[in-house]
$ cat target19.pdb   # PDB, C-alpha atoms
MODEL        1
ATOM      1  CA  SER A1477      81.601  80.322 110.587
ATOM      2  CA  ASN A1478      78.062  80.983 111.805
ATOM      3  CA  TYR A1479      79.268  84.343 113.113
ATOM      4  CA  GLY A1480      80.833  85.531 109.866
ATOM      5  CA  TYR A1481      84.535  85.348 110.550
ATOM      6  CA  THR A1482      86.660  82.468 109.236
ATOM      7  CA  GLY A1483      86.116  79.390 111.373
ATOM      8  CA  LEU A1484      84.320  76.103 111.760
ATOM      9  CA  LEU A1485      80.628  76.465 112.710
ATOM     10  CA  GLU A1486      79.956  77.681 116.267
ATOM     11  CA  MET A1487      83.650  77.297 117.087
ATOM     12  CA  PRO A1488      86.499  79.481 115.755
ATOM     13  CA  SER A1489      89.644  78.395 113.938
ATOM     14  CA  ALA A1490      93.004  80.099 113.351
ATOM     15  CA  ARG A1491      92.325  80.655 109.636
ATOM     16  CA  PHE A1492      91.884  84.076 108.029
ATOM     17  CA  MET A1493      90.579  85.562 104.818
ATOM     18  CA  ASP A1494      93.065  86.986 102.324
ATOM     19  CA  ALA A1495      94.144  90.584 102.897
ATOM     20  CA  GLY A1496      91.673  93.045 101.396
ATOM     21  CA  SER A1497      88.683  90.700 101.702
ATOM     22  CA  LEU A1498      85.191  91.752 102.710
ATOM     23  CA  LYS A1499      82.069  89.644 103.133
ATOM     24  CA  PHE A1500      78.444  90.153 104.047
ATOM     25  CA  GLY A1501      76.057  87.366 104.948
ATOM     26  CA  ILE A1502      73.297  85.793 106.960
ATOM     27  CA  SER A1503      73.276  82.585 109.011
ATOM     28  CA  ALA A1504      69.757  81.442 109.851
ATOM     29  CA  SER A1505      68.524  78.830 112.298
ATOM     30  CA  TRP A1506      66.565  78.580 115.531
ATOM     31  CA  PRO A1507      66.843  80.239 117.966
ATOM     32  CA  ASN A1508      69.553  82.667 116.738
ATOM     33  CA  GLU A1509      69.823  84.309 113.320
ATOM     34  CA  TYR A1510      72.991  86.284 112.520
ATOM     35  CA  THR A1511      73.520  89.021 109.946
ATOM     36  CA  PHE A1512      77.139  90.101 109.642
ATOM     37  CA  ILE A1513      79.800  92.040 107.797
ATOM     38  CA  VAL A1514      83.446  90.983 108.204
ATOM     39  CA  GLY A1515      86.602  92.544 106.819
ATOM     40  CA  SER A1516      90.240  91.488 106.698
ATOM     41  CA  PRO A1517      92.497  94.463 105.934
ATOM     42  CA  PHE A1518      95.547  92.269 106.629
ATOM     43  CA  ASP A1519      96.073  88.521 106.319
ATOM     44  CA  TRP A1520      96.635  88.360 110.118
ATOM     45  CA  PHE A1521      93.531  90.291 111.247
ATOM     46  CA  GLU A1522      89.746  89.988 110.950
ATOM     47  CA  ALA A1523      87.070  92.242 112.406
ATOM     48  CA  GLY A1524      83.326  91.931 112.121
ATOM     49  CA  TYR A1525      80.040  93.525 113.116
ATOM     50  CA  ARG A1526      77.139  91.169 113.852
ATOM     51  CA  TYR A1527      73.404  91.718 114.318
ATOM     52  CA  THR A1528      71.599  88.879 116.098
ATOM     53  CA  GLU A1529      67.905  88.069 116.269
ATOM     54  CA  GLN A1530      67.092  85.936 119.329
ATOM     55  CA  LYS A1531      63.802  84.287 118.464
ATOM     56  CA  THR A1532      63.181  82.902 121.966
ATOM     57  CA  GLN A1533      63.117  86.351 123.605
ATOM     58  CA  LYS A1534      60.998  89.463 123.154
ATOM     59  CA  TYR A1535      62.371  92.934 122.512
ATOM     60  CA  GLY A1536      60.377  94.349 125.419
ATOM     61  CA  PRO A1537      56.894  94.470 126.999
ATOM     62  CA  PHE A1538      54.088  93.595 124.590
ATOM     63  CA  GLY A1539      52.582  97.061 124.885
ATOM     64  CA  TYR A1540      55.870  98.565 123.733
ATOM     65  CA  SER A1541      57.179  96.180 121.078
ATOM     66  CA  GLY A1542      54.387  93.673 120.425
ATOM     67  CA  ASN A1543      55.723  90.312 119.237
ATOM     68  CA  GLN A1544      59.050  91.721 117.996
ATOM     69  CA  THR A1545      61.943  89.453 118.931
ATOM     70  CA  LEU A1546      65.036  90.584 120.809
ATOM     71  CA  LYS A1547      67.877  92.111 118.759
ATOM     72  CA  ASP A1548      71.502  92.166 119.862
ATOM     73  CA  LYS A1549      74.593  93.798 118.316
ATOM     74  CA  GLY A1550      78.186  92.720 118.730
ATOM     75  CA  PHE A1551      81.706  93.382 117.477
ATOM     76  CA  ASP A1552      84.327  90.636 117.058
ATOM     77  CA  ILE A1553      88.061  90.653 116.350
ATOM     78  CA  LYS A1554      90.639  87.939 115.619
ATOM     79  CA  ILE A1555      94.424  88.358 115.442
ATOM     80  CA  ARG A1556      97.072  85.880 114.322
ATOM     81  CA  VAL A1557      99.863  85.579 116.888
ATOM     82  CA  LEU A1558     101.853  82.776 115.227
ATOM     83  CA  GLU A1559     102.151  81.928 111.540
ATOM     84  CA  GLU A1560     101.990  78.305 110.461
ATOM     85  CA  SER A1561     105.246  76.570 109.573
ATOM     86  CA  PHE A1562     106.225  72.990 108.802
ATOM     87  CA  TYR A1563     106.192  72.065 112.495
ATOM     88  CA  LEU A1564     104.028  74.747 114.114
ATOM     89  CA  PRO A1565     100.328  75.622 113.613
ATOM     90  CA  ASN A1566      98.673  78.912 112.839
ATOM     91  CA  VAL A1567      97.701  80.391 116.220
ATOM     92  CA  ALA A1568      95.064  83.084 116.689
ATOM     93  CA  LEU A1569      93.609  85.039 119.593
ATOM     94  CA  GLY A1570      90.059  86.326 119.388
ATOM     95  CA  ILE A1571      87.408  88.236 121.310
ATOM     96  CA  ARG A1572      83.732  87.805 120.472
ATOM     97  CA  ASP A1573      81.096  90.414 121.335
ATOM     98  CA  MET A1574      83.775  92.722 122.707
ATOM     99  CA  GLY A1575      81.640  95.853 122.481
ATOM    100  CA  GLY A1576      78.129  94.471 122.861
ATOM    101  CA  THR A1577      75.819  93.549 125.710
ATOM    102  CA  GLY A1578      77.778  90.402 126.564
ATOM    103  CA  GLN A1579      75.000  88.058 125.436
ATOM    104  CA  PHE A1580      77.505  86.222 123.223
ATOM    105  CA  ALA A1581      80.734  87.301 124.914
ATOM    106  CA  GLY A1582      83.651  84.887 124.698
ATOM    107  CA  GLU A1583      87.386  84.814 124.180
ATOM    108  CA  TYR A1584      89.629  82.143 122.730
ATOM    109  CA  ILE A1585      93.082  81.041 121.715
ATOM    110  CA  VAL A1586      93.082  78.496 118.899
ATOM    111  CA  GLY A1587      95.604  76.735 116.709
ATOM    112  CA  SER A1588      95.031  75.233 113.252
ATOM    113  CA  LYS A1589      97.368  72.849 111.416
ATOM    114  CA  ARG A1590      96.872  71.616 107.870
ATOM    115  CA  PHE A1591      97.748  68.089 106.776
ATOM    116  CA  GLY A1592      97.062  67.885 103.064
ATOM    117  CA  PHE A1593      93.314  68.338 102.574
ATOM    118  CA  LEU A1594      92.658  68.006 106.335
ATOM    119  CA  ASP A1595      92.754  71.048 108.616
ATOM    120  CA  LEU A1596      92.690  70.380 112.380
ATOM    121  CA  SER A1597      91.838  73.023 114.995
ATOM    122  CA  LEU A1598      92.205  72.886 118.777
ATOM    123  CA  GLY A1599      91.667  75.723 121.213
ATOM    124  CA  ILE A1600      90.637  76.934 124.617
ATOM    125  CA  GLY A1601      87.620  79.168 125.175
ATOM    126  CA  TRP A1602      86.367  81.460 127.902
ATOM    127  CA  GLY A1603      82.959  83.030 128.544
ATOM    128  CA  LEU A1604      80.246  81.552 126.336
ATOM    129  CA  LEU A1605      82.870  79.510 124.473
ATOM    130  CA  GLY A1606      84.010  78.061 127.806
ATOM    131  CA  ALA A1607      80.532  77.161 129.069
ATOM    132  CA  ASP A1608      81.362  73.446 128.889
ATOM    133  CA  SER A1609      83.816  74.090 131.779
ATOM    134  CA  ASN A1610      85.805  70.939 131.026
ATOM    135  CA  ILE A1611      89.101  72.374 132.365
ATOM    136  CA  LYS A1612      90.260  74.874 134.964
ATOM    137  CA  ASN A1613      91.153  78.301 133.604
ATOM    138  CA  PRO A1614      94.958  78.051 133.188
ATOM    139  CA  LEU A1615      95.358  81.820 133.624
ATOM    140  CA  THR A1616      94.225  81.686 137.264
ATOM    141  CA  SER A1617      97.669  80.371 138.187
ATOM    142  CA  LEU A1618      99.167  83.623 136.847
ATOM    143  CA  ASP A1619      96.850  86.106 138.559
ATOM    144  CA  GLU A1620      93.910  85.680 140.948
ATOM    145  CA  ARG A1621      91.883  88.299 139.074
ATOM    146  CA  PHE A1622      91.277  85.743 136.310
ATOM    147  CA  ASN A1623      89.046  83.824 138.757
ATOM    148  CA  LEU A1624      86.328  86.472 138.611
ATOM    149  CA  ARG A1625      83.999  87.011 135.670
ATOM    150  CA  GLY A1626      80.796  89.046 135.565
ATOM    151  CA  GLY A1627      77.521  87.559 134.365
ATOM    152  CA  GLU A1628      77.055  87.395 130.581
ATOM    153  CA  GLY A1629      74.456  89.780 129.214
ATOM    154  CA  GLY A1630      74.650  92.154 132.166
ATOM    155  CA  GLN A1631      76.575  95.017 130.574
ATOM    156  CA  GLN A1632      75.465  97.962 128.479
ATOM    157  CA  GLY A1633      75.927  97.755 124.727
ATOM    158  CA  GLY A1634      78.873  99.738 123.410
ATOM    159  CA  THR A1635      81.072  99.203 126.480
ATOM    160  CA  PHE A1636      84.308  97.212 126.693
ATOM    161  CA  ASN A1637      84.287  94.966 129.744
ATOM    162  CA  PHE A1638      88.063  94.450 129.843
ATOM    163  CA  GLY A1639      88.003  92.902 133.322
ATOM    164  CA  ASP A1640      86.066  89.865 132.106
ATOM    165  CA  TRP A1641      88.281  88.958 129.157
ATOM    166  CA  PHE A1642      89.851  85.487 129.522
ATOM    167  CA  SER A1643      88.424  85.271 133.053
ATOM    168  CA  GLY A1644      86.365  82.751 135.013
ATOM    169  CA  GLU A1645      87.273  79.827 137.237
ATOM    170  CA  ARG A1646      86.613  77.384 134.417
ATOM    171  CA  SER A1647      87.239  77.359 130.680
ATOM    172  CA  ALA A1648      86.857  74.723 127.961
ATOM    173  CA  LEU A1649      88.885  72.863 125.377
ATOM    174  CA  PHE A1650      87.223  72.737 121.955
ATOM    175  CA  GLY A1651      88.238  71.297 118.638
ATOM    176  CA  GLY A1652      87.187  70.440 115.130
ATOM    177  CA  LEU A1653      88.289  69.536 111.657
ATOM    178  CA  GLU A1654      87.660  70.654 108.106
ATOM    179  CA  TYR A1655      88.238  68.391 105.117
ATOM    180  CA  SER A1656      88.422  69.830 101.603
ATOM    181  CA  PHE A1657      87.357  68.135  98.379
ATOM    182  CA  PRO A1658      89.051  70.438  95.815
ATOM    183  CA  LYS A1659      87.592  68.774  92.712
ATOM    184  CA  ARG A1660      84.062  69.234  94.011
ATOM    185  CA  GLY A1661      84.665  72.574  95.731
ATOM    186  CA  ILE A1662      83.204  71.246  98.989
ATOM    187  CA  ASN A1663      84.436  71.581 102.574
ATOM    188  CA  LEU A1664      83.174  69.240 105.279
ATOM    189  CA  LYS A1665      83.283  70.439 108.903
ATOM    190  CA  LEU A1666      82.964  68.630 112.232
ATOM    191  CA  GLU A1667      83.345  70.283 115.643
ATOM    192  CA  TYR A1668      82.833  69.765 119.356
ATOM    193  CA  ASP A1669      80.640  72.651 120.566
ATOM    194  CA  THR A1670      81.515  73.932 124.063
ATOM    195  CA  SER A1671      79.042  76.853 124.093
ATOM    196  CA  ASN A1672      76.390  74.688 125.851
ATOM    197  CA  PRO A1673      73.225  76.621 124.879
ATOM    198  CA  ASP A1674      71.185  74.255 127.058
ATOM    199  CA  MET A1675      72.584  76.172 130.052
ATOM    200  CA  GLY A1676      70.768  79.310 128.922
ATOM    201  CA  LEU A1677      73.772  81.664 129.221
ATOM    202  CA  SER A1678      72.679  83.886 126.309
ATOM    203  CA  GLY A1679      68.937  83.326 126.479
ATOM    204  CA  PRO A1680      66.444  80.588 127.392
ATOM    205  CA  PRO A1681      67.928  77.065 127.407
ATOM    206  CA  VAL A1682      68.043  75.321 124.030
ATOM    207  CA  GLU A1683      67.621  71.569 123.677
ATOM    208  CA  VAL A1684      70.982  69.924 122.988
ATOM    209  CA  LYS A1685      70.994  66.278 121.915
ATOM    210  CA  SER A1686      74.608  66.301 120.775
ATOM    211  CA  ARG A1687      77.725  68.416 121.378
ATOM    212  CA  PHE A1688      78.958  67.617 117.861
ATOM    213  CA  ASN A1689      77.997  69.846 114.935
ATOM    214  CA  LEU A1690      78.389  68.784 111.296
ATOM    215  CA  GLY A1691      78.378  71.122 108.308
ATOM    216  CA  ILE A1692      79.191  71.500 104.641
ATOM    217  CA  THR A1693      80.154  74.607 102.669
ATOM    218  CA  ARG A1694      80.431  75.185  98.945
ATOM    219  CA  PRO A1695      81.371  78.271  96.906
ATOM    220  CA  LEU A1696      79.279  79.350  93.920
ATOM    221  CA  GLY A1697      81.857  81.136  91.799
ATOM    222  CA  ASP A1698      84.160  83.738  93.282
ATOM    223  CA  PHE A1699      81.580  85.831  95.102
ATOM    224  CA  ILE A1700      79.108  83.533  96.889
ATOM    225  CA  ASP A1701      79.457  80.856  99.589
ATOM    226  CA  LEU A1702      76.666  78.547 100.735
ATOM    227  CA  GLY A1703      76.645  76.565 103.973
ATOM    228  CA  LEU A1704      74.381  73.943 105.519
ATOM    229  CA  SER A1705      74.872  72.429 108.971
ATOM    230  CA  PHE A1706      73.218  70.108 111.478
ATOM    231  CA  GLU A1707      73.786  71.390 115.005
ATOM    232  CA  ARG A1708      73.020  70.276 118.567
ATOM    233  CA  GLY A1709      71.571  67.045 117.196
ATOM    234  CA  SER A1710      68.292  68.735 116.296
ATOM    235  CA  GLN A1711      68.747  72.048 114.435
ATOM    236  CA  VAL A1712      69.464  72.833 110.775
ATOM    237  CA  ARG A1713      71.299  76.055 109.869
ATOM    238  CA  PHE A1714      71.661  77.733 106.465
ATOM    239  CA  THR A1715      74.373  80.292 105.681
ATOM    240  CA  PHE A1716      74.601  82.613 102.670
ATOM    241  CA  VAL A1717      77.662  84.836 102.109
ATOM    242  CA  ILE A1718      78.568  87.421  99.474
ATOM    243  CA  LYS A1719      82.302  88.097  99.381
ATOM    244  CA  GLY A1720      84.957  89.976  97.442
ATOM    245  CA  ASN A1721      88.662  90.707  97.534
ATOM    246  CA  TYR A1722      89.347  94.367  96.882
ATOM    247  CA  ALA A1723      93.127  93.942  96.915
ATOM    248  CA  LYS A1724      93.145  91.881  93.708
ATOM    249  CA  GLY A1725      91.810  94.344  91.179
ATOM    250  CA  LEU A1726      88.108  93.591  91.616
ATOM    251  CA  VAL A1727      87.450  97.198  90.598
ATOM    252  CA  PRO A1728      89.811  98.126  87.718
ATOM    253  CA  LYS A1729      91.773 101.367  87.940
ATOM    254  CA  LEU A1730      91.554 103.806  85.086
ATOM    255  CA  GLU A1731      94.707 105.315  83.644
ATOM    256  CA  THR A1732      94.789 109.116  83.681
TER     257      THR A1732
ENDMDL
END
$ encode --input "target19.pdb" --output "structure tokens"
Amino acid sequence: SNYGYTGLLEMPSARFMDAGSLKFGISASWPNEYTFIVGSPFDWFEAGYRYTEQKTQKYGPFGYSGNQTLKDKGFDIKIRVLEESFYLPNVALGIRDMGGTGQFAGEYIVGSKRFGFLDLSLGIGWGLLGADSNIKNPLTSLDERFNLRGGEGGQQGGTFNFGDWFSGERSALFGGLEYSFPKRGINLKLEYDTSNPDMGLSGPPVEVKSRFNLGITRPLGDFIDLGLSFERGSQVRFTFVIKGNYAKGLVPKLET
């Protein structure tokens, strides 16, 4: 995904890298450019560190930082809670920007089910991922504390704002699909983006002409992935990833 972990584009999916995988990459567009490193020590867990450049905001007063753009750091995790079977989907729970400033904070539960070359994903998002607010937060019926959520971007970096996780009066349903063309090594992605950057939740409002994002990814050998997407009806994004699986003998062991 744009954020480094396995997913669609802006939206997550319930897919994971193979155990022992590690990747480093950059996803560049306007107004946000992401540099990330993501690891998957197990086939049911992914964790990543992301460095974001927000090109529509300044790092500080001109006298202090000149024209330098704002930088933001975040840490993401994703855990599989149900493994796919013939009837049931893969289901994953994830937290984005769990230890950062909250600029990109969001939580989600998502399921993915494969039908041949077609992989369908459907989930519910909170925080930035729930900005579309197209449904009521279902967790509020379990506990009133889920009604309250602090403002995004208001916390200090390096803190864990547990009280906000999966909270807010409203959340959002999101979805997408990925279709694989094995002979050509191409994956085509389409998603409904519920992050609503035109609301300005993680920076100045961004023009949004469409809620649907379309992208294509293609591997170059075993170690490089390239991605190109058209997002918000007006923006083009390019993604470059270097990857490796260190559980499959990438580095040979010497006999002693």
$ closest_atom_pairs --input "target19.pdb" --of "stretch 1499-1522 of chain A" --to "stretch 1658-1675 of chain A" --cutoff "12 Å" --atoms "only C-alpha atoms" --output "CSV"
residue,atom,partner,partner_atom,distance
A:Trp1506,CA,A:Pro1673,CA,11.6
A:Pro1507,CA,A:Pro1673,CA,10.1
A:Asn1508,CA,A:Pro1673,CA,10.8
$ resolve_selection --input "target19.pdb" --expression "the PyMOL selection byres ((chain A and resi 1621) around 10)" --output "count of residues only"
15
$ residues_around --input "target19.pdb" --residues "stretch 1550-1565 of chain A" --least-positions-apart "5" --cutoff "7 Å" --atoms "all atoms listed in the file" --output "list in words"
Trp1520, Phe1521, Glu1522, Ala1523, Gly1524, Tyr1525, Arg1526, Tyr1527, Gly1570, Ile1571, Arg1572, Asp1573, Met1574, Gly1575, Gly1576, Gly1587, Ser1588 and Lys1589 of chain A
$ write_last_selection --input "target19.pdb" --atoms "C-alpha atoms" --output "mmCIF file, keeping the file's coordinate frame"
data_model
loop_
_atom_site.group_PDB
_atom_site.id
_atom_site.type_symbol
_atom_site.label_atom_id
_atom_site.label_comp_id
_atom_site.auth_asym_id
_atom_site.auth_seq_id
_atom_site.Cartn_x
_atom_site.Cartn_y
_atom_site.Cartn_z
ATOM 1 C CA TRP A 1520 96.635 88.360 110.118
ATOM 2 C CA PHE A 1521 93.531 90.291 111.247
ATOM 3 C CA GLU A 1522 89.746 89.988 110.950
ATOM 4 C CA ALA A 1523 87.070 92.242 112.406
ATOM 5 C CA GLY A 1524 83.326 91.931 112.121
ATOM 6 C CA TYR A 1525 80.040 93.525 113.116
ATOM 7 C CA ARG A 1526 77.139 91.169 113.852
ATOM 8 C CA TYR A 1527 73.404 91.718 114.318
ATOM 9 C CA GLY A 1570 90.059 86.326 119.388
ATOM 10 C CA ILE A 1571 87.408 88.236 121.310
ATOM 11 C CA ARG A 1572 83.732 87.805 120.472
ATOM 12 C CA ASP A 1573 81.096 90.414 121.335
ATOM 13 C CA MET A 1574 83.775 92.722 122.707
ATOM 14 C CA GLY A 1575 81.640 95.853 122.481
ATOM 15 C CA GLY A 1576 78.129 94.471 122.861
ATOM 16 C CA GLY A 1587 95.604 76.735 116.709
ATOM 17 C CA SER A 1588 95.031 75.233 113.252
ATOM 18 C CA LYS A 1589 97.368 72.849 111.416
#
$ closest_residue --input "target19.pdb" --among "A:Ser1505, A:Ser1489, A:Lys1531, A:Gly1578" --to "A:Gly1599" --atoms "all atoms listed in the file"
A:Ser1489
$ closest_residue --input "target19.pdb" --among "A:Leu1546, A:Leu1677, A:Leu1569, A:Leu1596" --to "A:Asp1608" --atoms "all atoms listed in the file"
A:Leu1677
$ resolve_selection --input "target19.pdb" --expression "the PyMOL selection byres ((chain A and resi 1494) around 12)" --output "list of chain:residue names"
A:Tyr1481, A:Thr1482, A:Arg1491, A:Phe1492, A:Met1493, A:Ala1495, A:Gly1496, A:Ser1497, A:Leu1498, A:Lys1499, A:Val1514, A:Gly1515, A:Ser1516, A:Pro1517, A:Phe1518, A:Asp1519, A:Trp1520, A:Phe1521, A:Glu1522, A:Lys1719, A:Gly1720, A:Asn1721, A:Tyr1722, A:Ala1723, A:Lys1724
$ write_last_selection --input "target19.pdb" --atoms "C-alpha atoms" --output "PDB file, in the frame of the given file"
ATOM      1  CA  TYR A1481      84.535  85.348 110.550  1.00  0.00           C
ATOM      2  CA  THR A1482      86.660  82.468 109.236  1.00  0.00           C
ATOM      3  CA  ARG A1491      92.325  80.655 109.636  1.00  0.00           C
ATOM      4  CA  PHE A1492      91.884  84.076 108.029  1.00  0.00           C
ATOM      5  CA  MET A1493      90.579  85.562 104.818  1.00  0.00           C
ATOM      6  CA  ALA A1495      94.144  90.584 102.897  1.00  0.00           C
ATOM      7  CA  GLY A1496      91.673  93.045 101.396  1.00  0.00           C
ATOM      8  CA  SER A1497      88.683  90.700 101.702  1.00  0.00           C
ATOM      9  CA  LEU A1498      85.191  91.752 102.710  1.00  0.00           C
ATOM     10  CA  LYS A1499      82.069  89.644 103.133  1.00  0.00           C
ATOM     11  CA  VAL A1514      83.446  90.983 108.204  1.00  0.00           C
ATOM     12  CA  GLY A1515      86.602  92.544 106.819  1.00  0.00           C
ATOM     13  CA  SER A1516      90.240  91.488 106.698  1.00  0.00           C
ATOM     14  CA  PRO A1517      92.497  94.463 105.934  1.00  0.00           C
ATOM     15  CA  PHE A1518      95.547  92.269 106.629  1.00  0.00           C
ATOM     16  CA  ASP A1519      96.073  88.521 106.319  1.00  0.00           C
ATOM     17  CA  TRP A1520      96.635  88.360 110.118  1.00  0.00           C
ATOM     18  CA  PHE A1521      93.531  90.291 111.247  1.00  0.00           C
ATOM     19  CA  GLU A1522      89.746  89.988 110.950  1.00  0.00           C
ATOM     20  CA  LYS A1719      82.302  88.097  99.381  1.00  0.00           C
ATOM     21  CA  GLY A1720      84.957  89.976  97.442  1.00  0.00           C
ATOM     22  CA  ASN A1721      88.662  90.707  97.534  1.00  0.00           C
ATOM     23  CA  TYR A1722      89.347  94.367  96.882  1.00  0.00           C
ATOM     24  CA  ALA A1723      93.127  93.942  96.915  1.00  0.00           C
ATOM     25  CA  LYS A1724      93.145  91.881  93.708  1.00  0.00           C
TER      26      LYS A1724
END
$ closest_residue --input "target19.pdb" --among "A:Leu1484, A:Ile1502, A:Ala1607, A:Ala1490" --to "A:Gly1676" --atoms "all atoms listed in the file"
A:Ala1607
$ atom_distance --input "target19.pdb" --atom1 "atom CA of A:Ser1705" --atom2 "atom CA of A:Thr1693"
8.5 Å
$ resolve_selection --input "target19.pdb" --expression "the PyMOL selection byres ((chain A and resi 1713) around 10)" --output "VMD selection string"
chain A and resid 1478 1485 1503 to 1506 1508 to 1509 1691 1703 to 1707 1711 to 1712 1714 to 1715
$ atom_distance --input "target19.pdb" --atom1 "atom CA of A:Gly1480" --atom2 "atom CA of A:Phe1500"
7.8 Å
$ atom_distance --input "target19.pdb" --atom1 "atom CA of A:Trp1602" --atom2 "atom CA of A:Phe1642"
5.6 Å
$ closest_residue --input "target19.pdb" --among "A:Pro1488, A:Phe1716, A:Ser1710, A:Ala1568" --to "A:Leu1696" --atoms "only C-alpha atoms"
A:Phe1716
$ closest_residue --input "target19.pdb" --among "A:Leu1653, A:Met1487, A:Ile1700, A:Ile1692" --to "A:Phe1593" --atoms "only C-alpha atoms"
A:Leu1653
$ residues_around --input "target19.pdb" --residues "A:Gly1501" --least-positions-apart "4" --cutoff "6 Å" --atoms "only C-alpha atoms" --output "number ranges by chain"
A: 1511-1512, 1716-1717
$ axis_aligned_box --input "target19.pdb" --around "stretch 1678-1688 of chain A" --padding-each-side "6 Å" --output "lines of an AutoDock Vina configuration file"
center_x = 72.7
center_y = 75.1
center_z = 122.6
size_x = 24.5
size_y = 29.6
size_z = 21.5
$ closest_residue --input "target19.pdb" --among "A:Gln1579, A:Gln1533, A:Phe1638, A:Glu1486" --to "A:Arg1687" --atoms "only C-alpha atoms"
A:Glu1486
$ build_atoms --input "target19.pdb" --residues "stretch 1480-1491 of chain A" --atoms "N, CA and C atoms" --output "PDB file, in the coordinates of the input"
ATOM      1  N   GLY A1480      80.320  84.704 110.940  1.00  0.00           N
ATOM      2  CA  GLY A1480      80.833  85.531 109.866  1.00  0.00           C
ATOM      3  C   GLY A1480      82.323  85.455 109.656  1.00  0.00           C
ATOM      4  N   TYR A1481      83.099  85.422 110.743  1.00  0.00           N
ATOM      5  CA  TYR A1481      84.535  85.348 110.550  1.00  0.00           C
ATOM      6  C   TYR A1481      84.946  83.930 110.161  1.00  0.00           C
ATOM      7  N   THR A1482      86.188  83.768 109.679  1.00  0.00           N
ATOM      8  CA  THR A1482      86.660  82.468 109.236  1.00  0.00           C
ATOM      9  C   THR A1482      86.739  81.510 110.410  1.00  0.00           C
ATOM     10  N   GLY A1483      86.107  80.349 110.277  1.00  0.00           N
ATOM     11  CA  GLY A1483      86.116  79.390 111.373  1.00  0.00           C
ATOM     12  C   GLY A1483      85.438  78.104 110.985  1.00  0.00           C
ATOM     13  N   LEU A1484      85.047  77.344 111.992  1.00  0.00           N
ATOM     14  CA  LEU A1484      84.320  76.103 111.760  1.00  0.00           C
ATOM     15  C   LEU A1484      82.829  76.436 111.659  1.00  0.00           C
ATOM     16  N   LEU A1485      82.045  76.106 112.693  1.00  0.00           N
ATOM     17  CA  LEU A1485      80.628  76.465 112.710  1.00  0.00           C
ATOM     18  C   LEU A1485      80.378  77.404 113.895  1.00  0.00           C
ATOM     19  N   GLU A1486      80.049  76.860 115.061  1.00  0.00           N
ATOM     20  CA  GLU A1486      79.956  77.681 116.267  1.00  0.00           C
ATOM     21  C   GLU A1486      81.344  78.003 116.818  1.00  0.00           C
ATOM     22  N   MET A1487      82.306  77.163 116.542  1.00  0.00           N
ATOM     23  CA  MET A1487      83.650  77.297 117.087  1.00  0.00           C
ATOM     24  C   MET A1487      84.583  78.018 116.112  1.00  0.00           C
ATOM     25  N   PRO A1488      85.552  78.780 116.626  1.00  0.00           N
ATOM     26  CA  PRO A1488      86.499  79.481 115.755  1.00  0.00           C
ATOM     27  C   PRO A1488      87.643  78.578 115.322  1.00  0.00           C
ATOM     28  N   SER A1489      88.392  79.027 114.349  1.00  0.00           N
ATOM     29  CA  SER A1489      89.644  78.395 113.938  1.00  0.00           C
ATOM     30  C   SER A1489      90.695  79.492 113.821  1.00  0.00           C
ATOM     31  N   ALA A1490      91.928  79.117 113.494  1.00  0.00           N
ATOM     32  CA  ALA A1490      93.004  80.099 113.351  1.00  0.00           C
ATOM     33  C   ALA A1490      93.216  80.487 111.893  1.00  0.00           C
ATOM     34  N   ARG A1491      92.228  80.282 111.047  1.00  0.00           N
ATOM     35  CA  ARG A1491      92.325  80.655 109.636  1.00  0.00           C
ATOM     36  C   ARG A1491      91.771  82.070 109.408  1.00  0.00           C
TER      37      ARG A1491
END
